[in-house]
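K.L.:
Below is model.cif; it holds mmCIF, C-alpha atoms and all ligand atoms.
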data_structure
#
loop_
_atom_site.label_atom_id
_atom_site.label_comp_id
_atom_site.auth_asym_id
_atom_site.auth_seq_id
_atom_site.Cartn_x
_atom_site.Cartn_y
_atom_site.Cartn_z
CA MET A 216 67.65 -35.62 38.61
CA THR A 217 68.03 -36.03 34.87
CA THR A 218 65.40 -34.36 32.74
CA VAL A 219 64.25 -35.26 29.25
CA ALA A 220 63.56 -32.56 26.73
CA GLU A 221 60.17 -32.62 25.06
CA PRO A 222 60.35 -34.43 21.70
CA ALA A 223 63.05 -32.49 19.90
CA ILE A 224 62.85 -34.31 16.63
CA LYS A 225 60.15 -33.65 14.06
CA ALA A 226 58.60 -37.08 14.23
CA GLU A 227 55.81 -36.91 11.67
CA PRO A 228 55.02 -40.30 10.16
CA THR A 229 54.49 -40.61 6.43
CA ASP A 230 51.14 -41.60 4.91
CA ALA A 231 52.61 -44.99 4.04
CA GLU A 232 53.67 -45.56 7.66
CA LEU A 233 50.24 -44.59 8.97
CA MET A 234 48.56 -47.03 6.60
CA GLN A 235 51.01 -49.78 7.51
CA TRP A 236 50.30 -49.27 11.22
CA TYR A 237 46.58 -49.33 10.61
CA ARG A 238 46.86 -52.64 8.77
CA GLN A 239 49.07 -54.05 11.53
CA MET A 240 46.55 -53.07 14.21
CA VAL A 241 43.67 -54.65 12.31
CA LEU A 242 45.83 -57.73 11.78
CA ILE A 243 46.67 -57.99 15.50
CA ARG A 244 43.01 -57.67 16.45
CA GLN A 245 41.83 -60.26 13.95
CA PHE A 246 44.68 -62.59 14.88
CA GLU A 247 43.63 -62.32 18.53
CA LEU A 248 39.96 -62.94 17.77
CA ARG A 249 40.93 -66.06 15.80
CA CYS A 250 43.15 -67.15 18.74
CA ALA A 251 40.16 -66.85 21.08
CA GLN A 252 38.12 -69.03 18.73
CA SER A 253 40.93 -71.59 18.36
CA TYR A 254 41.39 -71.68 22.12
CA GLN A 255 37.71 -72.47 22.58
CA GLN A 256 38.11 -75.23 19.97
CA GLN A 257 40.95 -76.61 22.17
CA LYS A 258 43.57 -76.10 19.48
CA VAL A 259 45.81 -74.02 21.75
CA GLY A 260 47.85 -75.71 24.48
CA GLY A 261 48.75 -73.81 27.66
CA PHE A 262 48.03 -70.21 28.53
CA CYS A 263 46.86 -67.56 26.10
CA HIS A 264 46.78 -63.83 26.92
CA LEU A 265 45.16 -61.59 24.33
CA TYR A 266 46.33 -58.08 23.41
CA VAL A 267 42.95 -56.72 22.23
CA GLY A 268 42.71 -53.01 23.17
CA GLN A 269 46.45 -52.49 23.55
CA GLU A 270 47.38 -52.57 19.83
CA ALA A 271 48.48 -48.92 19.62
CA VAL A 272 51.21 -49.53 22.20
CA ALA A 273 53.15 -52.17 20.29
CA VAL A 274 52.48 -50.72 16.85
CA GLY A 275 53.23 -47.05 17.66
CA SER A 276 56.37 -47.86 19.66
CA ILE A 277 57.88 -50.48 17.35
CA GLY A 278 57.07 -48.12 14.44
CA ALA A 279 59.36 -45.58 16.13
CA ILE A 280 62.50 -47.72 16.41
CA ARG A 281 64.82 -49.33 13.86
CA LYS A 282 65.11 -52.93 12.66
CA GLU A 283 68.47 -53.36 14.40
CA ASP A 284 67.06 -52.29 17.78
CA TYR A 285 66.19 -55.01 20.30
CA VAL A 286 62.65 -55.75 21.48
CA ILE A 287 61.79 -57.91 24.48
CA THR A 288 58.46 -58.37 26.25
CA ALA A 289 56.40 -60.40 28.71
CA TYR A 290 53.85 -63.12 27.98
CA ARG A 291 51.14 -60.92 26.37
CA ASP A 292 53.38 -60.95 23.32
CA HIS A 293 51.26 -61.55 20.20
CA GLY A 294 50.91 -57.85 19.32
CA HIS A 295 54.62 -57.11 19.69
CA ALA A 296 55.59 -60.09 17.51
CA ILE A 297 53.23 -58.99 14.73
CA ALA A 298 54.28 -55.34 15.01
CA ARG A 299 57.92 -56.51 14.75
CA GLY A 300 57.01 -58.03 11.39
CA MET A 301 56.73 -61.72 12.26
CA ASP A 302 54.66 -63.73 9.82
CA ILE A 303 51.41 -64.97 11.39
CA HIS A 304 51.63 -68.57 10.12
CA PRO A 305 54.53 -69.56 12.47
CA LEU A 306 52.68 -67.76 15.26
CA PHE A 307 49.50 -69.81 14.80
CA ALA A 308 51.68 -72.91 14.44
CA GLU A 309 53.40 -72.06 17.74
CA LEU A 310 50.03 -71.73 19.47
CA TYR A 311 48.96 -75.10 18.10
CA GLY A 312 52.22 -76.80 19.22
CA LYS A 313 53.34 -77.50 15.65
CA ARG A 314 56.86 -78.11 14.44
CA THR A 315 56.59 -75.12 12.09
CA GLY A 316 56.00 -72.75 15.01
CA CYS A 317 58.42 -69.90 15.63
CA SER A 318 59.73 -71.78 18.71
CA HIS A 319 59.16 -75.18 17.04
CA GLY A 320 55.94 -75.67 18.99
CA LYS A 321 57.79 -75.86 22.31
CA GLY A 322 57.03 -72.41 23.64
CA GLY A 323 53.40 -71.61 22.92
CA SER A 324 51.63 -68.29 23.24
CA MET A 325 54.00 -66.81 25.84
CA HIS A 326 57.20 -67.62 23.94
CA PHE A 327 57.04 -66.06 20.50
CA PHE A 328 60.60 -65.36 19.37
CA ASP A 329 62.52 -64.27 16.29
CA ALA A 330 66.22 -63.56 16.74
CA GLU A 331 66.61 -62.42 13.11
CA LYS A 332 64.06 -59.70 13.69
CA ASN A 333 65.74 -58.83 17.01
CA PHE A 334 62.61 -59.93 18.84
CA PHE A 335 63.84 -61.61 22.02
CA GLY A 336 60.47 -62.93 23.22
CA GLY A 337 57.94 -63.64 24.93
CA HIS A 338 58.69 -64.35 28.71
CA ALA A 339 56.31 -66.01 31.15
CA ILE A 340 57.67 -65.06 34.56
CA VAL A 341 56.50 -61.62 35.62
CA GLY A 342 59.47 -59.21 35.57
CA ALA A 343 62.07 -61.89 34.77
CA HIS A 344 62.93 -60.51 31.34
CA ILE A 345 63.70 -56.98 32.59
CA PRO A 346 67.26 -57.98 33.62
CA LEU A 347 67.63 -59.56 30.16
CA ALA A 348 66.83 -56.16 28.65
CA VAL A 349 69.63 -54.72 30.77
CA GLY A 350 71.88 -57.40 29.28
CA LEU A 351 70.87 -56.30 25.79
CA GLY A 352 71.55 -52.68 26.76
CA TRP A 353 74.91 -53.68 28.21
CA ALA A 354 75.86 -55.53 25.00
CA ILE A 355 74.98 -52.47 22.91
CA LYS A 356 77.13 -50.20 25.05
CA TYR A 357 80.03 -52.68 25.28
CA ARG A 358 80.06 -53.10 21.50
CA LYS A 359 79.64 -49.34 20.97
CA GLN A 360 76.61 -49.90 18.73
CA ASP A 361 74.00 -47.39 17.66
CA ARG A 362 71.06 -49.39 18.98
CA VAL A 363 68.47 -49.29 21.74
CA ALA A 364 66.73 -52.05 23.70
CA LEU A 365 62.98 -51.61 24.06
CA CYS A 366 61.56 -53.58 26.98
CA TYR A 367 57.81 -53.96 27.67
CA PHE A 368 56.26 -55.22 30.89
CA GLY A 369 52.98 -54.86 32.77
CA ASP A 370 51.99 -52.83 35.82
CA GLY A 371 52.14 -56.11 37.75
CA ALA A 372 55.91 -56.27 37.20
CA ILE A 373 56.62 -52.89 38.72
CA ASN A 374 56.96 -54.14 42.30
CA GLN A 375 59.07 -57.20 41.47
CA GLY A 376 62.61 -57.23 42.82
CA SER A 377 63.96 -57.97 39.34
CA PHE A 378 62.54 -54.65 38.07
CA HIS A 379 64.37 -52.66 40.74
CA GLU A 380 67.65 -54.55 40.48
CA ALA A 381 67.59 -54.19 36.70
CA LEU A 382 66.76 -50.50 36.69
CA ASN A 383 69.45 -49.75 39.23
CA LEU A 384 72.09 -51.26 36.93
CA ALA A 385 70.64 -49.60 33.82
CA GLY A 386 70.75 -46.25 35.65
CA LEU A 387 74.23 -46.85 37.03
CA PHE A 388 75.75 -47.86 33.68
CA LYS A 389 73.65 -45.43 31.61
CA LEU A 390 72.47 -48.19 29.28
CA PRO A 391 70.44 -47.42 26.12
CA CYS A 392 67.21 -49.07 27.35
CA ILE A 393 63.63 -47.90 27.02
CA PHE A 394 61.63 -49.44 29.88
CA LEU A 395 57.99 -49.30 28.87
CA VAL A 396 55.29 -50.26 31.35
CA GLU A 397 51.96 -51.10 29.73
CA ASN A 398 49.74 -49.92 32.56
CA ASN A 399 46.44 -51.57 31.69
CA GLU A 400 45.33 -51.03 35.32
CA TYR A 401 45.26 -54.71 36.26
CA GLY A 402 47.68 -57.48 37.14
CA MET A 403 45.35 -60.47 36.72
CA GLY A 404 42.35 -59.36 38.84
CA THR A 405 44.23 -56.86 41.02
CA HIS A 406 43.89 -53.16 40.28
CA VAL A 407 47.12 -51.19 40.36
CA ARG A 408 45.67 -49.17 43.28
CA ARG A 409 45.55 -52.34 45.37
CA ALA A 410 49.12 -53.36 44.55
CA SER A 411 51.17 -50.14 44.43
CA ALA A 412 51.77 -47.50 47.10
CA VAL A 413 52.69 -45.00 44.37
CA THR A 414 50.31 -45.41 41.45
CA GLU A 415 51.79 -42.67 39.30
CA LEU A 416 54.31 -45.11 37.88
CA LYS A 417 56.23 -42.54 35.86
CA LEU A 418 57.50 -41.09 39.17
CA ARG A 419 59.08 -44.34 40.26
CA THR A 420 62.50 -44.30 38.68
CA ALA A 421 63.91 -40.76 38.40
CA ASP A 422 64.88 -40.20 42.04
CA ALA A 423 65.55 -43.88 42.72
CA TYR A 424 67.67 -44.81 39.71
CA GLY A 425 68.39 -41.62 37.77
CA ILE A 426 66.10 -42.81 34.95
CA PRO A 427 63.62 -40.11 33.95
CA GLY A 428 59.97 -41.06 33.49
CA LYS A 429 57.28 -39.84 31.10
CA ASP A 430 53.68 -40.86 30.57
CA VAL A 431 51.82 -41.30 27.32
CA ASP A 432 48.32 -42.19 26.10
CA GLY A 433 48.62 -45.78 24.93
CA MET A 434 45.31 -45.67 23.07
CA ASP A 435 46.81 -43.11 20.66
CA THR A 436 49.16 -44.61 18.06
CA LEU A 437 50.63 -41.25 17.03
CA ALA A 438 51.34 -40.20 20.60
CA MET A 439 53.05 -43.55 21.18
CA TYR A 440 55.15 -43.11 18.07
CA LYS A 441 56.26 -39.59 18.97
CA MET A 442 57.14 -40.43 22.56
CA VAL A 443 59.15 -43.51 21.67
CA ARG A 444 60.95 -41.70 18.81
CA SER A 445 62.19 -39.08 21.25
CA ALA A 446 62.93 -41.68 23.95
CA ALA A 447 65.04 -43.66 21.46
CA GLU A 448 66.85 -40.48 20.45
CA TYR A 449 67.56 -39.75 24.12
CA CYS A 450 69.11 -43.23 24.51
CA ARG A 451 71.07 -43.06 21.26
CA GLN A 452 72.68 -39.79 22.36
CA GLY A 453 74.26 -41.62 25.30
CA ASN A 454 72.02 -40.16 28.02
CA GLY A 455 71.19 -43.54 29.50
CA SER A 456 67.82 -45.19 29.98
CA ILE A 457 64.31 -43.83 30.02
CA PHE A 458 61.08 -45.06 31.62
CA LEU A 459 57.71 -44.67 29.91
CA GLU A 460 54.40 -45.19 31.65
CA VAL A 461 51.88 -46.06 28.97
CA LYS A 462 48.20 -45.80 29.93
CA THR A 463 46.31 -48.53 28.17
CA TYR A 464 43.53 -51.07 28.70
CA ARG A 465 42.82 -54.68 27.82
CA TYR A 466 39.29 -55.44 26.66
CA ARG A 467 39.55 -59.19 27.23
CA GLY A 468 40.20 -61.05 30.46
CA HIS A 469 43.69 -61.53 31.84
CA SER A 470 43.90 -64.89 30.08
CA MET A 471 41.34 -67.05 28.32
CA SER A 472 40.11 -68.38 31.66
CA ASP A 473 39.09 -65.22 33.49
CA PRO A 474 35.48 -64.58 34.56
CA GLN A 475 36.38 -60.87 35.07
CA LYS A 476 34.50 -60.40 38.33
CA TYR A 477 36.86 -57.60 39.36
CA ARG A 478 35.51 -55.02 36.87
CA SER A 479 32.20 -53.93 35.38
CA ARG A 480 31.02 -54.14 31.78
CA GLU A 481 30.51 -50.36 31.95
CA GLU A 482 34.19 -49.82 32.72
CA VAL A 483 35.23 -51.87 29.68
CA ALA A 484 32.66 -50.10 27.46
CA GLU A 485 34.00 -46.70 28.56
CA TYR A 486 37.50 -47.58 27.34
CA GLN A 487 36.16 -49.08 24.13
CA LYS A 488 34.82 -45.63 23.25
CA HIS A 489 38.47 -44.61 22.80
CA ASP A 490 39.40 -47.65 20.79
CA PRO A 491 42.92 -47.25 19.33
CA ILE A 492 41.97 -48.67 15.92
CA GLY A 493 38.93 -46.37 15.69
CA ARG A 494 41.10 -43.40 16.66
CA LEU A 495 43.69 -44.10 13.98
CA GLU A 496 40.90 -44.75 11.48
CA LYS A 497 39.59 -41.24 12.20
CA VAL A 498 43.01 -39.71 11.51
CA LEU A 499 43.24 -41.63 8.23
CA HIS A 500 39.75 -40.50 7.21
CA GLU A 501 40.69 -36.87 7.92
CA ARG A 502 43.82 -37.26 5.81
CA ARG A 503 41.74 -38.86 3.06
CA LEU A 504 43.82 -42.01 3.16
CA LEU A 505 40.82 -44.14 4.05
CA ASP A 506 37.10 -44.23 3.32
CA ASP A 507 34.39 -46.70 4.33
CA ALA A 508 34.84 -48.88 1.24
CA LYS A 509 38.61 -49.10 1.75
CA THR A 510 38.17 -49.86 5.46
CA SER A 511 35.98 -52.85 4.78
CA ALA A 512 38.19 -54.03 1.89
CA ILE A 513 41.20 -54.03 4.26
CA ALA A 514 39.20 -55.88 6.94
CA ASP A 515 38.13 -58.55 4.39
CA GLU A 516 41.62 -58.96 3.00
CA ILE A 517 43.13 -59.35 6.48
CA HIS A 518 40.38 -61.76 7.50
CA ARG A 519 41.25 -63.99 4.53
CA MET A 520 44.94 -63.78 5.41
CA VAL A 521 44.28 -64.78 9.02
CA GLU A 522 42.05 -67.70 8.06
CA ALA A 523 44.59 -68.98 5.50
CA ALA A 524 47.46 -68.83 8.04
CA HIS A 525 45.35 -70.54 10.70
CA GLU A 526 44.26 -73.34 8.32
CA LYS A 527 47.83 -73.94 7.17
CA ALA A 528 49.11 -74.10 10.77
CA ASP A 529 46.24 -76.36 11.76
CA ALA A 530 47.24 -78.85 9.04
CA ASP A 531 50.99 -78.71 9.89
CA PRO A 532 52.74 -81.70 11.54
CA MET A 533 53.25 -82.07 15.27
CA PRO A 534 56.89 -82.43 16.47
CA ASP A 535 58.46 -85.93 16.39
CA ASN A 536 59.66 -87.73 19.50
CA ASP A 537 63.22 -86.93 18.37
CA ASP A 538 62.50 -83.21 18.58
CA VAL A 539 62.76 -83.51 22.34
CA TRP A 540 66.57 -83.46 21.90
CA THR A 541 66.69 -80.19 19.95
CA ASP A 542 66.66 -76.51 20.95
CA ILE A 543 68.29 -77.13 24.32
CA TYR A 544 71.80 -75.69 24.00
CA ALA A 545 72.97 -72.97 21.61
CA GLN A 546 75.98 -75.15 20.74
CA PRO A 547 75.75 -78.96 20.25
CA PHE A 548 76.44 -80.84 23.47
CA GLY A 549 76.06 -84.56 24.28
CA PRO A 550 72.96 -86.02 22.63
CA TYR A 551 71.42 -82.57 22.31
CA ARG A 552 71.24 -80.47 19.17
C1 LIG B 601 56.94 -64.11 39.29
C2 LIG B 601 55.53 -64.42 38.88
N1 LIG B 601 54.54 -64.31 39.79
C3 LIG B 601 53.27 -64.58 39.45
C4 LIG B 601 52.97 -64.98 38.16
C5 LIG B 601 51.53 -65.24 37.79
N2 LIG B 601 51.06 -64.13 36.94
C6 LIG B 601 50.98 -64.30 35.62
S1 LIG B 601 50.48 -62.92 34.87
C7 LIG B 601 50.34 -62.06 36.30
C8 LIG B 601 49.87 -60.64 36.31
C9 LIG B 601 50.81 -59.67 35.70
O1 LIG B 601 50.15 -58.49 35.35
P1 LIG B 601 50.80 -57.33 34.52
O2 LIG B 601 52.28 -57.34 34.75
O3 LIG B 601 50.09 -56.08 34.83
O4 LIG B 601 50.61 -57.75 32.99
P2 LIG B 601 49.26 -57.83 32.13
O5 LIG B 601 48.73 -59.21 32.34
O6 LIG B 601 48.34 -56.78 32.61
O7 LIG B 601 49.69 -57.66 30.72
C10 LIG B 601 50.69 -62.88 37.36
C11 LIG B 601 50.66 -62.46 38.77
C12 LIG B 601 54.02 -65.10 37.25
N3 LIG B 601 53.81 -65.46 35.97
N4 LIG B 601 55.29 -64.80 37.61
MG MG B 602 48.59 -55.12 33.82
#
Please express what this file holds, its structure, as structure tokens.
P.N.:
Amino acid sequence: MTTVAEPAIKAEPTDAELMQWYRQMVLIRQFELRCAQSYQQQKVGGFCHLYVGQEAVAVGSIGAIRKEDYVITAYRDHGHAIARGMDIHPLFAELYGKRTGCSHGKGGSMHFFDAEKNFFGGHAIVGAHIPLAVGLGWAIKYRKQDRVALCYFGDGAINQGSFHEALNLAGLFKLPCIFLVENNEYGMGTHVRRASAVTELKLRTADAYGIPGKDVDGMDTLAMYKMVRSAAEYCRQGNGSIFLEVKTYRYRGHSMSDPQKYRSREEVAEYQKHDPIGRLEKVLHERRLLDDAKTSAIADEIHRMVEAAHEKADADPMPDNDDVWTDIYAQPFGPYR
């Protein structure tokens, strides 16, 4: 069995990075709250899965990798897109089915995408993008590049065949992939205990596929950052893939239409006591980077930003009939562009 050394690198973020992450987390939360409102106003077509509560996972992990590294995720993708630096106007526009959306209004909430930022989506079928992450890892190795592929998925994907087939190949070919399961305890309304024979997910891959596993507190941005920094280093050094079990929690329902009968309000409240934004706020207060006045100024500024982006997207044009012929093939073919 391969073992991973404890974080060898001195991964201490700078003050500027900490502040940037804090702003990103507040932005993700406010973006999500506006999404919920817009959904209720029937502005959003299709499904919508909110990331509220899980912000530290995307922000801490994406903060630990480089711009040239690849990121790919499942359908709860708003937080990852924002953490990857996507502008929120094309995200709102995508939700509202507008031409100016990041996928030209054809993908919706589950298909945020930005190839220039090496953000490969946004995928709706549970576990289906994990083999794509192996493809990214394969491309990196084939081209002898100094990159990693960071792949997120939920605890519900862990028993899919695609997960096991993909990890076997990643282990066999020693591909530079970080497989990161966001264990928020539930796949829709099913607790991980009712779906998995082995619930300690970090134990799943070492003996089976030669991919070592670690676990990390996903409500702690700094812990996320440190773990992913060392995982990326492990991959970059040619050791192969790594599997991270991230313990996190979603405060909202699975999607916008979820009466949440499978859990109690007390359970949600217990997790909210360890809110990732509150925890980072405390660190910033201790380091004297933030005080109460600055906290509320940041919240106000981000609120204005979110409202402006939403209003602009709301006023943007819908696609034309002709747009049905575009975005089908990468290269022009027949009537398609
Ligand atoms: C192959 C497949 N089966 C079923 C579904 C329906 N479905 C959508 S989300 C979901 C639960 C997945 O939960 P998890 O992977 O834990 O992600 P989370 O929603 O917690 O982020 C299911 C079963 C699907 N999209 N794809
Ligand atoms: Mg889940």
K.L.:
How would you report the residues lying within 6 Å of ligand LIG 601 (chain B), as a list in words, if you count only C-alpha atoms and all ligand atoms?
P.N.:
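Checked against 6 Å with only C-alpha atoms and all ligand atoms; the hits are Arg291, Ala339, Ile340, Val341, Phe368, Gly369, Asp370, Gly371, Ala372, Asn399, Tyr401, Gly402, Met403 and His469 of chain A.
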K.L.:
Write out as AutoDock Vina command-line options an axis-aligned box for region 497-511 of chain A: all of its atoms listed in the file, 5 Å added on each side, centre and edge lengths in Å with one decimal.
P.N.:
--center_x 39.1 --center_y -44.9 --center_z 6.7 --size_x 19.4 --size_y 26.0 --size_z 21.0
K.L.:
Would you compute the distance between CA of Gly352 (chain A) and CA of Leu390 (chain A)? Give it in Å to one decimal.
P.N.:
5.2 Å
K.L.:
Rounded to one decimal in Å, what is the spacing between CA of His293 (chain A) and CA of His326 (chain A)?
P.N.:
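A separation of 9.3 Å between them.
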K.L.:
Using only C-alpha atoms, which residue out of A:Leu499, A:Gly268, A:Ile243, A:Gly294 lies closest to Ala484 (chain A)?
P.N.:
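The shortest atom-to-atom distance to Ala484 (chain A) comes from A:Gly268.
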K.L.:
Identify the residues within 12 Å of coordinate (49.8, -75.3, 5.0) (same frame as the file), considering all atoms listed in the file, and give the answer as a compact mmCIF listing (two decimals) with C-alpha atoms, keeping the file's coordinate frame.
P.N.:
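To be explicit, this is the file written out as selection.txt:
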# COMPACT_ATOMS: atom_id res chain seq x y z
CA HIS A 304 51.63 -68.57 10.12
CA PRO A 305 54.53 -69.56 12.47
CA PHE A 307 49.50 -69.81 14.80
CA ALA A 308 51.68 -72.91 14.44
CA LYS A 313 53.34 -77.50 15.65
CA THR A 315 56.59 -75.12 12.09
CA GLU A 522 42.05 -67.70 8.06
CA ALA A 523 44.59 -68.98 5.50
CA ALA A 524 47.46 -68.83 8.04
CA HIS A 525 45.35 -70.54 10.70
CA GLU A 526 44.26 -73.34 8.32
CA LYS A 527 47.83 -73.94 7.17
CA ALA A 528 49.11 -74.10 10.77
CA ASP A 529 46.24 -76.36 11.76
CA ALA A 530 47.24 -78.85 9.04
CA ASP A 531 50.99 -78.71 9.89
CA PRO A 532 52.74 -81.70 11.54
K.L.:
Using all atoms listed in the file for the distances, tell me which of A:Ser318, A:Ser470, A:Thr436, A:Asn454 is nearest to ligand MG 602 (chain B).
P.N.:
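Answer, going by the shortest atom-to-atom distance: A:Ser470.
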K.L.:
Considering only C-alpha atoms and all ligand atoms, can you say which of A:Val431, A:Leu242, A:Ala410, A:Met234 comes closest to ligand MG 602 (chain B)?
P.N.:
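Closest to ligand MG 602 (chain B), using only C-alpha atoms and all ligand atoms: A:Ala410.
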K.L.:
Check the smallest atom-to-atom distance from each of A:Arg408, A:Arg249, A:Arg494, A:Lys476 to ligand MG 602 (chain B) using all atoms listed in the file, then report the winner.
P.N.:
A:Arg408
K.L.:
Would you pick out the contacts of region 279-288 of chain A at 8 Å or less, using only C-alpha atoms, so that residues sharing its chain but fewer than 3 positions from it are not included, and give the list as a list in words?
P.N.:
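Within the cut-off, the hits are Gly275, Ser276, Arg291, Asp292, His295, Lys332, Asn333, Phe334, Phe335, Gly336, Gly337, His338, His344, Ala348, Leu351, Arg362, Val363, Ala364, Leu365, Cys366, Tyr367, Phe368, Tyr440, Lys441, Val443, Arg444 and Ala447 of chain A.
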K.L.:
Could you tell me which of A:Ala421, A:Met301, A:Val461, A:Ala251 comes closest to ligand MG 602 (chain B) if we count only C-alpha atoms and all ligand atoms?
P.N.:
A:Val461
K.L.:
One decimal, in Å: what's the spacing between CA of Ala231 (chain A) and CA of Asn398 (chain A)?
P.N.:
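Separation of CA of Ala231 (chain A) and CA of Asn398 (chain A): 29.1 Å.
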K.L.:
Compile the contact shell of Asp230 (chain A) as a list of chain:residue names: residues with an atom at most 10 Å away, counting all atoms listed in the file, same-chain residues fewer than 2 positions apart removed.
P.N.:
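Neighbouring residues, sequence-local ones excluded: A:Glu227, A:Pro228, A:Glu232, A:Leu233, A:Met234, A:Gln235, A:Trp236, A:Leu499, A:Arg502, A:Arg503, A:Leu504.
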K.L.:
When you count only C-alpha atoms, which of these residues is closest to Tyr237 (chain A): A:Asp473, A:Asp435, A:Glu415, A:Asp361?
P.N.:
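Looking only at the distances to Tyr237 (chain A), the closest residue turns out to be A:Asp435.
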K.L.:
Please provide as a VMD selection string all residues within 7 Å of region 381-384 of chain A, with the sequence filter that same-chain residues fewer than 5 positions apart are discarded (counting all atoms listed in the file).
P.N.:
chain A and resid 345 to 346 349 424
K.L.:
Those residues with C-alpha atoms, as a PDB file, in the coordinates of the input please?
P.N.:
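Final output, again.pdb:
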ATOM      1  CA  ILE A 345      63.700 -56.980  32.590  1.00  0.00           C
ATOM      2  CA  PRO A 346      67.260 -57.980  33.620  1.00  0.00           C
ATOM      3  CA  VAL A 349      69.630 -54.720  30.770  1.00  0.00           C
ATOM      4  CA  TYR A 424      67.670 -44.810  39.710  1.00  0.00           C
TER       5      TYR A 424
END
K.L.:
Quick one: everything within 7 Å of Arg552 (chain A), counting all atoms listed in the file, minus sequence neighbours fewer than 4 positions away in the same chain. Send it as a ChimeraX atom specification.
P.N.:
/A:540-544,547-548
K.L.:
If we count all atoms listed in the file and set the cut-off at 12 Å, which residues sit around Lys359 (chain A), ignoring sequence neighbours fewer than 6 positions away in its own chain? Please answer as a list in words.
P.N.:
Gly352, Trp353, Leu390, Pro391, Arg451, Gln452 and Gly453 of chain A
K.L.:
Save the residues we just selected, C-alpha atoms, as an mmCIF file, keeping the file's coordinate frame?
P.N.:
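Result file follows (part-v3.cif):
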data_model
loop_
_atom_site.group_PDB
_atom_site.id
_atom_site.type_symbol
_atom_site.label_atom_id
_atom_site.label_comp_id
_atom_site.auth_asym_id
_atom_site.auth_seq_id
_atom_site.Cartn_x
_atom_site.Cartn_y
_atom_site.Cartn_z
ATOM 1 C CA GLY A 352 71.550 -52.680 26.760
ATOM 2 C CA TRP A 353 74.910 -53.680 28.210
ATOM 3 C CA LEU A 390 72.470 -48.190 29.280
ATOM 4 C CA PRO A 391 70.440 -47.420 26.120
ATOM 5 C CA ARG A 451 71.070 -43.060 21.260
ATOM 6 C CA GLN A 452 72.680 -39.790 22.360
ATOM 7 C CA GLY A 453 74.260 -41.620 25.300
#
